[in-house]
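For reference, final_28.txt is printed below; it contains compact mmCIF, C-alpha atoms.
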# COMPACT_ATOMS: atom_id res chain seq x y z
CA MET A 1 0.00 0.00 0.00
CA ASN A 2 1.11 3.59 -0.39
CA LEU A 3 2.29 4.56 3.08
CA SER A 4 2.15 8.26 2.45
CA GLY A 5 -0.22 10.89 2.81
CA LYS A 6 -0.92 15.87 3.31
CA LYS A 7 -0.42 21.98 4.00
CA SER A 8 0.06 25.98 4.91
CA GLY A 9 3.26 28.25 4.06
CA LEU A 10 5.23 27.81 0.76
CA ALA A 11 3.27 24.56 0.67
CA VAL A 12 0.17 26.72 0.56
CA ALA A 13 1.66 28.89 -2.13
CA LEU A 14 2.50 25.90 -4.26
CA SER A 15 -0.72 23.89 -4.11
CA VAL A 16 -3.38 24.91 -1.64
CA ALA A 17 -3.73 28.16 -3.54
CA SER A 18 -5.60 26.21 -6.17
CA VAL A 19 -8.09 25.13 -3.52
CA LEU A 20 -8.50 28.68 -2.31
CA VAL A 21 -9.64 29.59 -5.78
CA ALA A 22 -12.09 26.72 -5.84
CA VAL A 23 -13.48 27.50 -2.36
CA PRO A 24 -14.40 31.17 -1.94
CA LEU A 25 -12.92 32.21 1.41
CA LYS A 26 -13.19 35.40 3.37
CA SER A 27 -9.91 37.02 4.31
CA ALA A 28 -8.64 36.26 7.80
CA LYS A 29 -9.31 39.49 9.69
CA ALA A 30 -8.92 38.44 13.31
CA GLN A 31 -5.42 37.55 14.43
CA VAL A 32 -3.32 38.20 17.48
CA HIS A 33 -0.10 40.22 17.23
CA PRO A 34 1.74 39.00 20.36
CA PHE A 35 4.62 41.44 19.87
CA SER A 36 2.55 44.50 18.92
CA ALA A 37 4.19 46.45 21.73
CA PHE A 38 7.35 46.49 19.62
CA SER A 39 5.63 48.38 16.78
CA SER A 40 6.63 51.72 18.24
CA GLY A 41 10.30 50.76 18.30
CA SER A 42 12.74 52.15 15.79
CA SER A 43 15.01 49.14 15.37
CA ASP A 44 14.78 46.61 12.54
CA LEU A 45 14.11 43.84 15.08
CA SER A 46 11.18 45.77 16.58
CA HIS A 47 9.65 46.29 13.15
CA TRP A 48 10.18 42.61 12.26
CA LEU A 49 8.57 41.36 15.48
CA SER A 50 5.58 43.66 15.15
CA ASP A 51 4.27 41.66 12.18
CA VAL A 52 4.42 38.26 13.92
CA THR A 53 0.91 36.79 14.19
CA LEU A 54 -0.74 34.07 16.27
CA ILE A 55 -3.84 32.24 15.05
CA GLY A 56 -5.72 29.24 16.39
CA GLN A 57 -8.38 26.87 15.10
CA ILE A 58 -10.51 23.94 16.32
CA GLU A 59 -12.23 21.35 14.11
CA GLY A 60 -14.46 18.44 15.04
CA GLY A 61 -16.70 16.19 12.97
CA ILE A 62 -18.45 12.91 12.33
CA MET A 63 -19.28 10.72 9.33
CA ALA A 64 -22.20 8.43 10.11
CA ASN A 65 -22.53 5.08 8.36
CA PRO A 66 -26.05 3.56 8.45
CA ALA A 67 -24.61 0.12 7.57
CA ARG A 68 -22.92 0.03 11.02
CA PRO A 69 -19.79 -1.74 9.71
CA ASN A 70 -18.12 -4.42 11.81
CA PRO A 71 -15.42 -3.54 12.67
CA GLY A 72 -16.55 0.06 13.01
CA TYR A 73 -14.50 1.76 10.30
CA ASN A 74 -15.41 3.78 7.24
CA PHE A 75 -13.13 1.98 4.80
CA GLY A 76 -10.72 4.24 2.92
CA ASP A 77 -11.41 7.30 5.10
CA PHE A 78 -8.51 8.69 7.15
CA LEU A 79 -9.88 11.78 8.88
CA ALA A 80 -13.30 10.28 9.72
CA ASP A 81 -12.26 6.64 9.92
CA HIS A 82 -14.37 5.74 12.99
CA ALA A 83 -17.95 5.32 11.79
CA ASN A 84 -20.72 7.00 13.81
CA GLN A 85 -18.31 8.63 16.27
CA VAL A 86 -17.79 12.33 16.89
CA GLN A 87 -14.13 13.23 17.19
CA LEU A 88 -11.88 16.22 17.72
CA ASN A 89 -9.91 16.36 14.49
CA GLN A 90 -7.70 19.34 15.20
CA ALA A 91 -6.90 21.93 17.82
CA GLU A 92 -4.00 23.94 16.47
CA PHE A 93 -2.04 27.14 17.05
CA THR A 94 0.23 28.80 14.50
CA LEU A 95 2.82 31.48 15.24
CA SER A 96 4.22 32.98 12.05
CA LYS A 97 5.94 35.83 10.34
CA ALA A 98 4.70 35.92 6.75
CA ILE A 99 6.77 36.54 3.65
CA ASP A 100 5.33 38.89 1.04
CA ALA A 101 6.51 37.46 -2.29
CA SER A 102 5.13 40.49 -4.15
CA LYS A 103 7.92 42.59 -2.58
CA ASN A 104 11.19 41.51 -4.14
CA THR A 105 13.40 42.41 -1.20
CA TYR A 106 15.35 40.34 1.30
CA GLN A 107 12.86 38.96 3.82
CA VAL A 108 13.03 36.43 6.65
CA GLY A 109 10.03 34.79 8.28
CA PHE A 110 8.99 31.60 10.01
CA THR A 111 6.05 29.30 10.77
CA LEU A 112 5.55 27.24 13.94
CA GLU A 113 2.39 25.14 14.16
CA GLY A 114 1.41 22.67 16.84
CA LEU A 115 -1.59 20.39 16.28
CA TYR A 116 -3.49 18.10 18.66
CA GLY A 117 -6.30 15.76 17.66
CA SER A 118 -7.20 12.61 15.77
CA ASP A 119 -5.79 13.90 12.45
CA ALA A 120 -2.30 13.92 13.98
CA ARG A 121 -2.15 10.10 13.76
CA TYR A 122 -1.48 10.39 10.02
CA TYR A 123 0.90 13.39 10.00
CA HIS A 124 3.77 12.35 12.27
CA LEU A 125 7.44 12.23 11.33
CA VAL A 126 9.33 9.03 12.15
CA GLY A 127 11.77 9.77 14.95
CA VAL A 128 10.15 13.10 15.88
CA SER A 129 6.72 12.39 17.36
CA ASP A 130 5.52 9.00 16.10
CA GLN A 131 6.35 7.03 19.28
CA GLU A 132 5.16 9.53 21.87
CA TRP A 133 1.42 8.85 21.76
CA LYS A 134 -0.80 5.77 21.73
CA ALA A 135 -4.33 7.23 22.06
CA ARG A 136 -6.53 8.44 19.21
CA TYR A 137 -5.78 12.06 20.04
CA GLN A 138 -2.11 12.83 19.47
CA LEU A 139 0.20 15.85 19.23
CA ILE A 140 2.52 16.80 16.36
CA PRO A 141 4.70 19.69 15.21
CA ALA A 142 2.68 20.24 12.03
CA GLN A 143 5.10 22.92 10.78
CA ALA A 144 8.40 24.34 11.98
CA HIS A 145 10.29 26.11 9.22
CA MET A 146 12.20 29.24 8.35
CA ASP A 147 10.98 31.20 5.34
CA VAL A 148 13.25 33.38 3.21
CA HIS A 149 12.64 35.55 0.15
CA LEU A 150 15.72 36.30 -1.94
CA PRO A 151 15.63 39.00 -4.67
CA TRP A 152 17.81 36.91 -6.97
CA LEU A 153 17.86 35.83 -10.62
CA THR A 154 14.59 37.45 -11.74
CA SER A 155 12.35 40.35 -10.77
CA GLY A 156 10.12 37.92 -8.84
CA GLY A 157 12.96 36.45 -6.83
CA LEU A 158 13.24 33.12 -5.03
CA ASP A 159 11.28 31.81 -2.03
CA MET A 160 12.74 29.16 0.27
CA GLN A 161 11.42 27.18 3.22
CA ALA A 162 13.54 24.84 5.34
CA GLY A 163 12.55 22.67 8.30
CA ILE A 164 9.41 20.62 8.99
CA LEU A 165 7.18 21.21 5.99
CA GLN A 166 3.71 20.11 5.00
CA ALA A 167 3.98 18.44 1.61
CA PRO A 168 3.03 20.72 -1.30
CA MET A 169 1.61 18.17 -3.74
CA GLY A 170 -2.08 17.94 -4.60
CA VAL A 171 -5.27 19.92 -4.11
CA GLU A 172 -6.49 18.98 -0.61
CA GLY A 173 -4.45 19.74 2.49
CA LEU A 174 -4.39 19.29 6.25
CA ASP A 175 -5.92 22.70 7.02
CA PRO A 176 -9.73 22.29 6.94
CA ALA A 177 -10.16 25.99 6.17
CA SER A 178 -8.28 25.59 2.87
CA ARG A 179 -10.21 22.66 1.39
CA ALA A 180 -13.80 22.18 0.30
CA PHE A 181 -14.69 18.99 2.22
CA TYR A 182 -14.33 17.41 5.63
CA THR A 183 -13.29 14.06 4.13
CA LEU A 184 -10.43 13.60 1.70
CA ALA A 185 -10.38 12.01 -1.75
CA TYR A 186 -8.49 8.71 -2.17
CA THR A 187 -5.90 10.64 -4.17
CA SER A 188 -5.29 12.97 -1.24
CA GLU A 189 -4.81 10.04 1.15
CA TYR A 190 -2.92 7.42 -0.83
CA SER A 191 -1.17 9.16 -3.74
CA VAL A 192 0.43 12.29 -2.32
CA PRO A 193 2.91 12.74 0.56
CA PHE A 194 1.99 14.42 3.87
CA GLN A 195 5.02 15.73 5.79
CA HIS A 196 8.74 16.33 5.21
CA ILE A 197 11.96 17.49 6.78
CA GLY A 198 13.83 19.35 4.07
CA ALA A 199 13.90 22.46 1.92
CA MET A 200 11.54 23.71 -0.78
CA PHE A 201 12.18 26.47 -3.32
CA ASN A 202 9.79 28.46 -5.51
CA TRP A 203 11.44 30.57 -8.20
CA HIS A 204 9.21 33.29 -9.66
CA VAL A 205 10.61 33.25 -13.20
CA THR A 206 7.93 35.47 -14.77
CA PRO A 207 4.49 36.69 -13.68
CA ILE A 208 3.15 33.59 -15.47
CA LEU A 209 5.76 30.93 -14.61
CA ASP A 210 6.99 29.69 -11.23
CA VAL A 211 9.47 26.80 -10.98
CA THR A 212 9.37 24.56 -7.90
CA PHE A 213 12.09 22.23 -6.59
CA GLY A 214 13.17 20.76 -3.28
CA ILE A 215 14.90 17.97 -1.37
CA ASP A 216 14.00 16.12 1.84
CA THR A 217 14.70 13.00 3.88
CA GLY A 218 11.62 11.21 2.52
CA ASN A 219 7.91 11.18 3.17
CA GLN A 220 7.26 11.42 6.93
CA THR A 221 10.78 10.39 7.93
CA SER A 222 13.70 12.21 9.55
CA PHE A 223 17.43 11.45 9.82
CA GLY A 224 19.69 8.48 10.53
CA ALA A 225 17.95 5.57 12.21
CA SER A 226 14.68 7.51 11.99
CA ASP A 227 14.75 7.32 8.19
CA ASN A 228 13.20 4.16 6.73
CA ASN A 229 16.00 4.04 4.12
CA SER A 230 19.28 5.86 3.56
CA ARG A 231 18.40 7.93 0.49
CA PRO A 232 16.79 11.39 0.05
CA ALA A 233 13.88 12.30 -2.21
CA GLY A 234 12.94 15.49 -4.01
CA TYR A 235 10.45 17.58 -5.97
CA PHE A 236 10.41 19.39 -9.27
CA GLY A 237 7.56 21.12 -11.10
CA PHE A 238 6.00 24.39 -12.18
CA ASN A 239 3.04 26.73 -11.74
CA LEU A 240 1.38 28.58 -14.59
CA ASN A 241 -0.37 31.64 -13.16
CA ASN A 242 -2.72 34.31 -14.50
CA LEU A 243 -3.67 32.45 -17.67
CA LEU A 244 -6.77 33.48 -19.65
CA GLY A 245 -6.90 36.88 -18.08
CA GLY A 246 -6.24 35.59 -14.58
CA LYS A 247 -8.99 32.95 -14.64
CA LEU A 248 -6.83 29.84 -15.07
CA ARG A 249 -4.03 28.43 -12.91
CA ILE A 250 -2.14 25.16 -13.49
CA VAL A 251 0.10 23.44 -10.93
CA GLU A 252 2.33 20.49 -11.84
CA LEU A 253 4.51 18.77 -9.30
CA SER A 254 6.54 15.56 -9.53
CA ARG A 255 8.54 13.75 -6.90
CA VAL A 256 11.02 10.87 -7.00
CA GLY A 257 12.97 8.93 -4.41
CA PRO A 258 12.92 5.69 -2.37
CA GLU A 259 10.08 5.60 0.15
CA ASN A 260 9.95 1.99 1.37
CA SER A 261 11.35 0.73 4.66
CA TRP A 262 14.37 -1.57 4.69
CA LYS A 263 12.58 -3.55 7.41
CA SER A 264 9.84 -4.36 4.90
CA VAL A 265 11.69 -4.92 1.61
CA GLY A 266 15.38 -5.20 2.53
CA HIS A 267 18.24 -2.67 2.50
CA TYR A 268 19.04 -2.80 -1.21
CA GLU A 269 15.43 -2.57 -2.34
CA ALA A 270 14.65 0.22 0.14
CA ASP A 271 17.54 2.33 -1.16
CA HIS A 272 17.08 1.64 -4.86
CA ALA A 273 13.38 1.04 -5.52
CA GLN A 274 12.10 4.46 -6.55
CA ARG A 275 8.66 5.90 -6.00
CA PHE A 276 7.46 8.27 -8.73
CA TRP A 277 4.69 10.69 -7.75
CA ASN A 278 3.09 12.97 -10.33
CA ASP A 279 0.22 15.40 -9.83
CA ILE A 280 -1.19 18.11 -12.07
CA ASN A 281 -4.21 20.23 -11.28
CA ALA A 282 -5.91 23.18 -12.95
CA THR A 283 -8.43 25.66 -11.54
CA TYR A 284 -10.63 27.78 -13.78
CA GLN A 285 -12.60 30.67 -12.25
CA VAL A 286 -15.61 30.80 -14.58
CA ASN A 287 -17.11 33.86 -12.89
CA ASP A 288 -17.46 35.39 -9.43
CA LYS A 289 -19.65 32.48 -8.30
CA LEU A 290 -18.46 29.38 -10.16
CA SER A 291 -15.05 27.72 -10.20
CA LEU A 292 -13.90 24.35 -11.54
CA THR A 293 -10.85 22.29 -10.55
CA ALA A 294 -9.50 19.12 -12.16
CA GLU A 295 -6.67 16.95 -10.80
CA PHE A 296 -4.84 14.04 -12.41
CA ASN A 297 -2.43 11.91 -10.39
CA TYR A 298 -0.17 8.98 -11.28
CA LEU A 299 1.99 7.07 -8.78
CA HIS A 300 4.37 4.19 -9.46
CA ASP A 301 6.48 2.42 -6.84
CA GLU A 302 9.14 -0.08 -7.84
CA GLY A 303 9.40 -1.77 -4.50
CA ILE A 304 6.14 -1.97 -2.55
CA ARG A 305 5.77 -5.63 -3.51
CA GLY A 306 9.51 -6.30 -3.28
CA ILE A 307 11.67 -8.14 -5.82
CA GLY A 308 10.20 -10.28 -8.57
CA ALA A 309 11.02 -13.92 -9.31
CA HIS A 310 13.89 -13.04 -11.65
CA GLY A 311 15.44 -10.30 -9.51
CA GLN A 312 13.55 -7.42 -11.09
CA PHE A 313 11.59 -4.91 -9.04
CA ALA A 314 7.92 -5.90 -8.88
CA GLY A 315 6.24 -2.53 -8.59
CA THR A 316 2.75 -1.22 -8.08
CA ASP A 317 0.93 1.80 -9.37
CA ALA A 318 -2.25 3.85 -9.16
CA GLU A 319 -3.81 6.54 -11.29
CA SER A 320 -6.70 8.84 -10.51
CA PHE A 321 -8.79 11.77 -11.66
CA VAL A 322 -10.60 14.16 -9.29
CA SER A 323 -13.00 16.92 -10.29
CA PHE A 324 -14.24 19.75 -8.08
CA LEU A 325 -16.98 22.31 -8.59
CA SER A 326 -17.65 25.23 -6.27
CA TYR A 327 -20.65 27.55 -6.60
CA LYS A 328 -21.04 30.53 -4.30
CA ILE A 329 -24.76 30.76 -3.54
CA ASN A 330 -24.38 33.99 -1.57
CA LYS A 331 -21.86 35.58 0.79
CA ASP A 332 -22.39 32.90 3.44
CA PHE A 333 -23.23 29.68 1.57
CA THR A 334 -21.16 27.73 -0.98
CA PHE A 335 -22.16 24.50 -2.74
CA ASN A 336 -19.28 22.07 -3.38
CA TYR A 337 -19.04 18.92 -5.49
CA ARG A 338 -16.20 16.39 -5.69
CA GLY A 339 -16.10 13.36 -7.94
CA GLU A 340 -13.21 10.90 -8.20
CA ILE A 341 -12.11 7.79 -10.05
CA TYR A 342 -9.18 6.05 -8.34
CA ARG A 343 -7.58 2.94 -9.84
CA ASP A 344 -5.56 0.78 -7.44
CA ASN A 345 -3.95 -1.48 -10.01
CA ASN A 346 -2.50 -4.03 -7.58
CA ASN A 347 -4.75 -3.59 -4.53
CA SER A 348 -1.60 -2.41 -2.76
CA MET A 349 -2.63 1.17 -1.99
CA VAL A 350 -6.04 1.47 -0.35
CA ALA A 351 -6.42 0.17 3.20
CA THR A 352 -7.78 1.25 6.57
CA PHE A 353 -5.39 1.36 9.53
CA THR A 354 -7.16 -0.15 12.50
CA THR A 355 -5.05 1.00 15.45
CA ASN A 356 -3.99 4.51 16.37
CA ASN A 357 -0.32 3.99 15.50
CA SER A 358 -0.62 1.54 12.60
CA TYR A 359 -0.19 4.11 9.84
CA MET A 360 3.11 5.44 11.17
CA ASN A 361 4.29 1.93 12.12
CA ALA A 362 3.77 0.91 8.50
CA ILE A 363 5.91 3.82 7.25
CA ALA A 364 8.65 2.98 9.76
CA GLY A 365 8.57 -0.73 8.89
CA ARG A 366 7.26 -1.80 12.28
CA PRO A 367 4.37 -4.28 12.75
CA TYR A 368 0.99 -2.70 12.02
CA SER A 369 -2.66 -3.64 11.69
CA THR A 370 -4.90 -2.90 8.71
CA MET A 371 -8.28 -3.74 7.33
CA ALA A 372 -6.95 -4.40 3.85
CA GLY A 373 -8.82 -3.88 0.62
CA PRO A 374 -9.72 -6.64 -1.83
CA GLY A 375 -7.20 -9.27 -2.84
CA GLY A 376 -6.40 -10.46 -6.33
CA HIS A 377 -6.88 -8.14 -9.26
CA GLY A 378 -6.96 -4.37 -8.93
CA THR A 379 -9.90 -2.27 -7.82
CA THR A 380 -11.34 0.89 -9.34
CA TYR A 381 -12.87 3.13 -6.68
CA GLY A 382 -15.35 5.89 -7.29
CA ASP A 383 -16.49 8.48 -4.80
CA LEU A 384 -18.97 11.33 -4.98
CA SER A 385 -19.14 14.00 -2.26
CA LEU A 386 -21.52 16.95 -1.91
CA ASN A 387 -21.81 19.66 0.70
CA VAL A 388 -23.09 23.16 1.37
CA ALA A 389 -20.52 25.10 3.39
CA TYR A 390 -21.87 27.80 5.71
CA ARG A 391 -19.20 30.40 6.42
CA PRO A 392 -20.57 33.65 7.89
CA ASP A 393 -18.45 36.58 8.99
CA LEU A 394 -19.15 36.63 12.74
CA GLY A 395 -16.70 39.37 13.63
CA ASN A 396 -15.89 39.73 17.35
CA HIS A 397 -12.34 38.43 16.79
CA ILE A 398 -13.60 35.23 15.11
CA ARG A 399 -11.34 34.69 12.10
CA ILE A 400 -13.35 31.79 10.71
CA PHE A 401 -16.57 29.96 11.53
CA GLN A 402 -17.51 27.11 9.20
CA LEU A 403 -20.17 24.39 9.14
CA ARG A 404 -19.99 21.76 6.37
CA PRO A 405 -22.71 19.09 6.28
CA GLU A 406 -21.51 16.44 3.81
CA ILE A 407 -22.93 13.39 2.07
CA ARG A 408 -20.63 10.90 0.37
CA PHE A 409 -21.03 7.72 -1.64
CA ASP A 410 -18.11 5.35 -2.33
CA ARG A 411 -18.29 2.45 -4.75
CA ALA A 412 -16.00 -0.27 -6.05
CA LEU A 413 -16.62 -0.11 -9.78
CA ASN A 414 -15.65 -3.72 -10.46
CA THR A 415 -16.44 -7.03 -8.76
CA THR A 416 -14.96 -6.35 -5.33
CA SER A 417 -16.60 -5.68 -1.93
CA PRO A 418 -14.21 -3.67 0.24
CA PHE A 419 -16.74 -1.70 2.27
CA ASN A 420 -18.59 -2.24 5.55
CA GLY A 421 -16.44 -5.10 6.76
CA GLY A 422 -16.22 -6.68 3.28
CA ARG A 423 -20.01 -7.01 2.93
CA ASN A 424 -20.70 -4.38 0.27
CA ASP A 425 -19.36 -2.94 -2.97
CA GLY A 426 -20.59 0.51 -1.91
CA MET A 427 -20.67 2.71 1.20
CA PHE A 428 -22.92 5.66 2.03
CA THR A 429 -21.82 8.09 4.74
CA PHE A 430 -23.12 11.44 5.90
CA GLY A 431 -22.12 13.99 8.50
CA GLY A 432 -19.68 16.87 8.36
CA ASP A 433 -17.52 19.11 10.50
CA ALA A 434 -17.43 22.44 12.31
CA VAL A 435 -14.46 24.80 12.39
CA ILE A 436 -13.92 27.87 14.52
CA GLY A 437 -10.77 29.97 14.65
CA PHE A 438 -9.43 33.29 15.83
Whole structure, structure tokens version:
Amino acid sequence: MNLSGKKSGLAVALSVASVLVAVPLKSAKAQVHPFSAFSSGSSDLSHWLSDVTLIGQIEGGIMANPARPNPGYNFGDFLADHANQVQLNQAEFTLSKAIDASKNTYQVGFTLEGLYGSDARYYHLVGVSDQEWKARYQLIPAQAHMDVHLPWLTSGGLDMQAGILQAPMGVEGLDPASRAFYTLAYTSEYSVPFQHIGAMFNWHVTPILDVTFGIDTGNQTSFGASDNNSRPAGYFGFNLNNLLGGKLRIVELSRVGPENSWKSVGHYEADHAQRFWNDINATYQVNDKLSLTAEFNYLHDEGIRGIGAHGQFAGTDAESFVSFLSYKINKDFTFNYRGEIYRDNNNSMVATFTTNNSYMNAIAGRPYSTMAGPGGHGTTYGDLSLNVAYRPDLGNHIRIFQLRPEIRFDRALNTTSPFNGGRNDGMFTFGGDAVIGF
């Protein structure tokens, strides 16, 4: 299976920006300036500190399953995996000093984000926080990076982030305020990475073209014995901005490097079997109310199934297409649609992790427990999600208030029955989440 997973910061600039186009959001007005007392100072440090901001956010939700699956999991759902149970997904605080890429001057900033809740189970880094917690609610350093803007090479300059980064690939991210739905698409769970320790660069070549590249220790790993192999991985890609009079934006990002644990496939295979991740998405703003987003993803791993009978790598792959539609009904209500086709060619990708630490144990190569998908030939999954997001401007220092009732239908489009404890080829869930932040 793909033991990977998903964003704010340069990561936001690289990929979540496409979601922000698809989901009309109000600007974040309420934020705390903890060092505002320094604003009257004359030194450069006083001026720099005066722009540091602190924001916080809480999210909780539920996805009910009338089939009452045994065991009680919504198969293929990470963030709402426990059927018919309310859970605290996130309680997070972010202290940051933002970089303004529109000003091509030397700038230094940072982002520090701590997150507690059930979502943290999937966003750890091996060797950093993955062994500290056993309960459903866990704590992670979701971000801890330095941000730099360098006025080099072109008039747009170069942005850099280094440290603990949320992975930039794909449309849907960890922050519930930056995505359309409570649940995630299969693509966003199984075919894009989640967290890194490394450095990412975004070079603003022209007002239309940005070039992206970076290097890291691997998906959700750190250094030395806390890396599941001894090789790095990296990104390369591009953004095309302001096309068709500013209505169209295209983001392409590819990634390559070994991602399998030597404990699972052996030292040689872990260091040499490459995983190739490729994601391209495009957002078209039709008018002030309607926006459309399309995402295509292809992943190939040479080593998930180990070495073949004749010494060759016996790989696995998956391809998917996700479409989004967002229609702004009025200033408070937005209708969202998401449809996806996800092909798991070897039934090696999609699974449900049935203990709180199984996901991270699988990445580290330790024993883990899953409710696996179908055996034998591959499975083509389809999912359809609909919601109406209610997002009023409450004022009174409330940066965001959001209610998202959601209905979702998942289906295996061939002769497999992965859902509801292996009883059904389809699964209907309904529920949603609430988000409040200052």
Counting only C-alpha atoms, I want the residues whose atoms come within 9 Å of (-16.5, -9.5, -6.5) in the file frame, returned as a PDB file with C-alpha atoms, in the coordinates of the input.
ATOM      1  CA  PRO A 374      -9.720  -6.640  -1.830  1.00  0.00           C
ATOM      2  CA  ASN A 414     -15.650  -3.720 -10.460  1.00  0.00           C
ATOM      3  CA  THR A 415     -16.440  -7.030  -8.760  1.00  0.00           C
ATOM      4  CA  THR A 416     -14.960  -6.350  -5.330  1.00  0.00           C
ATOM      5  CA  SER A 417     -16.600  -5.680  -1.930  1.00  0.00           C
ATOM      6  CA  ASP A 425     -19.360  -2.940  -2.970  1.00  0.00           C
TER       7      ASP A 425
END
Is there a way to get, as a VMD selection string, all residues within 12 Å of the point (8.6, 30.4, 9.8) in file coordinates, counting all atoms listed in the file? chain A and resid 8 to 10 52 to 54 94 to 99 107 to 113 142 to 149 160 to 165
Which value, in Å to one decimal, gives the distance between atom CA of A:Ala80 and atom CA of A:Gly56? 21.5 Å
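You will find atom CA of A:Met63 at 26.8 Å from atom CA of A:Leu125.
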Work out how far atom CA of A:Val171 is from atom CA of A:Phe276, in Å to one decimal. 17.9 Å
Compile the contact shell of stretch 180-184 of chain A as a ChimeraX atom specification: residues with an atom at most 9 Å away, counting all atoms listed in the file, same-chain residues fewer than 5 positions apart removed. /A:19-20,22-23,61,63,77-80,172-173,189,324,326,336-338,385-387,389,404-406,408,431-434
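In terms of minimum interatomic distance to A:Thr379, A:Pro418 ranks closest within A:Pro193, A:Gly315, A:Pro418, A:Pro392, counting all atoms listed in the file.
Neighbours of stretch 319-321 of chain A closer than or equal to 7 Å, with only C-alpha atoms counted and sequence neighbours fewer than 5 positions away skipped, come out as A:Thr187, A:Glu295, A:Phe296, A:Asn297, A:Tyr298, A:Leu299, A:Glu340, A:Ile341, A:Tyr342, A:Arg343.
The residue that comes closest to A:Asn396, out of A:Phe335, A:Ser191, A:Gly437, A:Asn65 and on the basis of all atoms listed in the file, is A:Gly437.
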Would you fill out stretch 392-397 of chain A with all heavy atoms and return it as a JSON list (two decimals), keeping the file's coordinate frame?
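This is the output file part.json:
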[["chain", "number", "residue", "atom", "x", "y", "z"],
["A", 392, "PRO", "N", -20.23, 32.24, 7.66],
["A", 392, "PRO", "CA", -20.57, 33.65, 7.89],
["A", 392, "PRO", "C", -19.40, 34.41, 8.50],
["A", 392, "PRO", "O", -18.49, 33.82, 9.09],
["A", 392, "PRO", "CB", -21.73, 33.56, 8.89],
["A", 392, "PRO", "CG", -21.42, 32.32, 9.68],
["A", 392, "PRO", "CD", -20.80, 31.36, 8.69],
["A", 393, "ASP", "N", -19.44, 35.71, 8.36],
["A", 393, "ASP", "CA", -18.45, 36.58, 8.99],
["A", 393, "ASP", "C", -19.03, 37.01, 10.34],
["A", 393, "ASP", "O", -19.88, 37.89, 10.42],
["A", 393, "ASP", "CB", -18.18, 37.79, 8.10],
["A", 393, "ASP", "CG", -17.05, 38.66, 8.65],
["A", 393, "ASP", "OD1", -16.58, 38.38, 9.77],
["A", 393, "ASP", "OD2", -16.65, 39.61, 7.96],
["A", 394, "LEU", "N", -18.59, 36.37, 11.42],
["A", 394, "LEU", "CA", -19.15, 36.63, 12.74],
["A", 394, "LEU", "C", -18.53, 37.84, 13.42],
["A", 394, "LEU", "O", -19.11, 38.39, 14.35],
["A", 394, "LEU", "CB", -18.96, 35.41, 13.64],
["A", 394, "LEU", "CG", -19.65, 34.11, 13.19],
["A", 394, "LEU", "CD1", -19.41, 33.01, 14.22],
["A", 394, "LEU", "CD2", -21.13, 34.32, 12.96],
["A", 395, "GLY", "N", -17.36, 38.26, 12.96],
["A", 395, "GLY", "CA", -16.70, 39.37, 13.63],
["A", 395, "GLY", "C", -16.30, 38.98, 15.04],
["A", 395, "GLY", "O", -16.10, 37.80, 15.37],
["A", 396, "ASN", "N", -16.20, 39.98, 15.93],
["A", 396, "ASN", "CA", -15.89, 39.73, 17.35],
["A", 396, "ASN", "C", -14.66, 38.84, 17.51],
["A", 396, "ASN", "O", -14.64, 37.91, 18.32],
["A", 396, "ASN", "CB", -17.09, 39.09, 18.05],
["A", 396, "ASN", "CG", -18.32, 39.99, 18.04],
["A", 396, "ASN", "OD1", -18.22, 41.18, 18.29],
["A", 396, "ASN", "ND2", -19.47, 39.42, 17.71],
["A", 397, "HIS", "N", -13.63, 39.13, 16.71],
["A", 397, "HIS", "CA", -12.34, 38.43, 16.79],
["A", 397, "HIS", "C", -12.42, 36.97, 16.35],
["A", 397, "HIS", "O", -11.51, 36.20, 16.62],
["A", 397, "HIS", "CB", -11.77, 38.51, 18.21],
["A", 397, "HIS", "CG", -11.66, 39.90, 18.74],
["A", 397, "HIS", "ND1", -10.75, 40.82, 18.22],
["A", 397, "HIS", "CD2", -12.34, 40.56, 19.72],
["A", 397, "HIS", "CE1", -10.87, 41.96, 18.87],
["A", 397, "HIS", "NE2", -11.83, 41.83, 19.77]]
